[in-house]
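*Asks:* Next up is a structure, given as structure tokens.
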Amino acid sequence: VDIPGSVNDIGTMAFANCDSLTSVTIPEGVTSIGESAFYNCDSLSDVIIPNSVTSIGRGAFDCCSSLTSVTIPNSVTSIGRNAFSDCDSLTAINVATGNTAYKSVDGVLFNKAGTKLIEFPAGKSGGYSVPSGVKRIVDYAFDGCSSLTHVIIPENVSSIKWGAFMKCSSL
């Protein structure tokens with residue numbers, strides 16, 4: 001799908017459940033991707049998010065089982081909870097180096113300070129050691145990580161939010 005350049009926002013559930021959607025080119029000028037905008041688009045494997053996007057809504061790409069990687073541009077300052085949950089093939093959430101709100105370390109999404117673990121890609125397998133600077137694991141951070149076998153959580157983590165390890169069947 002090529003979204004017209006006149007579009008400013010992709011609304012809530014705009015493309016939800018579009019099983020045959022394989023790739024999306026979001027034009028420069030779109031500033032927000034709404035809640036569940038691409039929810040359950042099983043065949044979606046390629047999405048390009050332009051540098052004009054400032055917010056990605058809650059569950060925007062939730063259950064996109066063919067999505068393998070995504071890059072968050074510099075402009076994004078808000079990502080809703082479980083934006084990339086249950087994406088079985090997702091092995092990396094990359095963040096552009098100039099982003100002031102977020103960063104990624106080995107494909108895992110954190111706030112810029114590295115104190116909040118926001119999203120662990122569901123396609124990663126094996127074990128994971130949470131970095132020592134993390135103080136909070138947010139809601140749904142590991143949701144749908146069915147190949148995750150173990151997690152080492154350092155003592156300085158003071159908060160693990162609701163649903164953080166939901167559907168981690170191999171944990």
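We name chains A, B, ... following the order of the structure tokens; residues begin at 1 in each chain, and ligands are numbered from 1 as shown.
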Mind checking which residues fall within 12 Å of Trp162 (chain A), counting only C-alpha atoms, ignoring those fewer than 2 positions away in the same chain, and posting them as a ChimeraX atom specification?

*Replies:* /A:81-82,136-143,159-160,164-166

*Asks:* Listing only residues of region 39-71 of chain A within 10 Å of region 96-120 of chain A, what is the closest atom pair and its distance in Å (to one decimal) for each, using only C-alpha atoms, sorted by chain and residue number ascending, as JSON lines?

*Replies:*
{"residue": "A:Asn51", "atom": "CA", "partner": "A:Ala96", "partner_atom": "CA", "distance": 9.7}
{"residue": "A:Ser69", "atom": "CA", "partner": "A:Gly107", "partner_atom": "CA", "distance": 8.6}
{"residue": "A:Val70", "atom": "CA", "partner": "A:Gly107", "partner_atom": "CA", "distance": 9.3}
{"residue": "A:Thr71", "atom": "CA", "partner": "A:Ala96", "partner_atom": "CA", "distance": 6.9}

*Asks:* List the spatial neighbours of Ser146 (chain A) as number ranges by chain - criterion: any atom at most 7 Å away, only C-alpha atoms, same-chain residues fewer than 3 positions off excluded.

*Replies:* A: 122, 167-170

*Asks:* With distances taken over only C-alpha atoms, which of A:Ile79, A:Val95, A:Ile3, A:Val157 is nearest to Ser129 (chain A)?

*Replies:*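 Residue with the minimum atom-to-atom distance to Ser129 (chain A): A:Val157.
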
*Asks:* To one decimal place, how far is CA of Phe38 (chain A) from CA of Ser65 (chain A) in Å?

*Replies:*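 If I compute the distance from CA of Phe38 (chain A) to CA of Ser65 (chain A), I get 11.2 Å.
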
*Asks:* Identify which of the residues A:Val151, A:Val24, A:Ala37, A:Cys145 lies closest to Pro50 (chain A), counting only C-alpha atoms when measuring atom-to-atom distances.

*Replies:*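 The shortest atom-to-atom distance to Pro50 (chain A) comes from A:Val24.
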
*Asks:* I need the residues in region 18-104 of chain A that are strand (DSSP E) according to DSSP; give them as a JSON list (two decimals) with C-alpha atoms, in the first residue's frame.

*Replies:*
[["chain", "number", "residue", "atom", "x", "y", "z"],
["A", 23, "SER", "CA", 4.32, -3.76, 2.72],
["A", 24, "VAL", "CA", 3.47, -0.18, 3.56],
["A", 25, "THR", "CA", 5.13, 3.03, 2.49],
["A", 32, "SER", "CA", 1.05, 9.82, 13.89],
["A", 33, "ILE", "CA", 0.26, 6.15, 13.56],
["A", 46, "ASP", "CA", 8.03, -4.38, 5.40],
["A", 47, "VAL", "CA", 7.15, -0.97, 6.79],
["A", 48, "ILE", "CA", 9.03, 2.29, 6.40],
["A", 55, "SER", "CA", 3.91, 9.14, 17.73],
["A", 56, "ILE", "CA", 3.22, 5.46, 17.33],
["A", 69, "SER", "CA", 12.55, -5.55, 11.80],
["A", 70, "VAL", "CA", 11.50, -1.96, 12.22],
["A", 71, "THR", "CA", 13.38, 1.32, 12.48],
["A", 72, "ILE", "CA", 12.10, 4.12, 14.70],
["A", 78, "SER", "CA", 5.95, 8.73, 21.88],
["A", 79, "ILE", "CA", 5.45, 4.98, 21.52],
["A", 92, "ALA", "CA", 15.08, -6.15, 15.99],
["A", 93, "ILE", "CA", 13.54, -2.83, 16.90],
["A", 94, "ASN", "CA", 16.11, -0.29, 15.74],
["A", 95, "VAL", "CA", 16.15, 3.36, 16.73],
["A", 102, "TYR", "CA", 14.40, 6.22, 22.66],
["A", 103, "LYS", "CA", 17.34, 3.96, 21.95],
["A", 104, "SER", "CA", 17.88, 0.34, 21.03]]

*Asks:* Rank A:Ser75, A:Gly144, A:Val130, A:Ser6 by their smallest atom-to-atom distance to Asp62 (chain A), using only C-alpha atoms, and report the top residue only.

*Replies:* A:Gly144

*Asks:* Skip Val53 (chain A) itself and residues of its chain fewer than 5 positions away, then list as an NGL selection string all residues within 6 Å of it, counting only C-alpha atoms.

*Replies:* :A and (30-32 or 76)
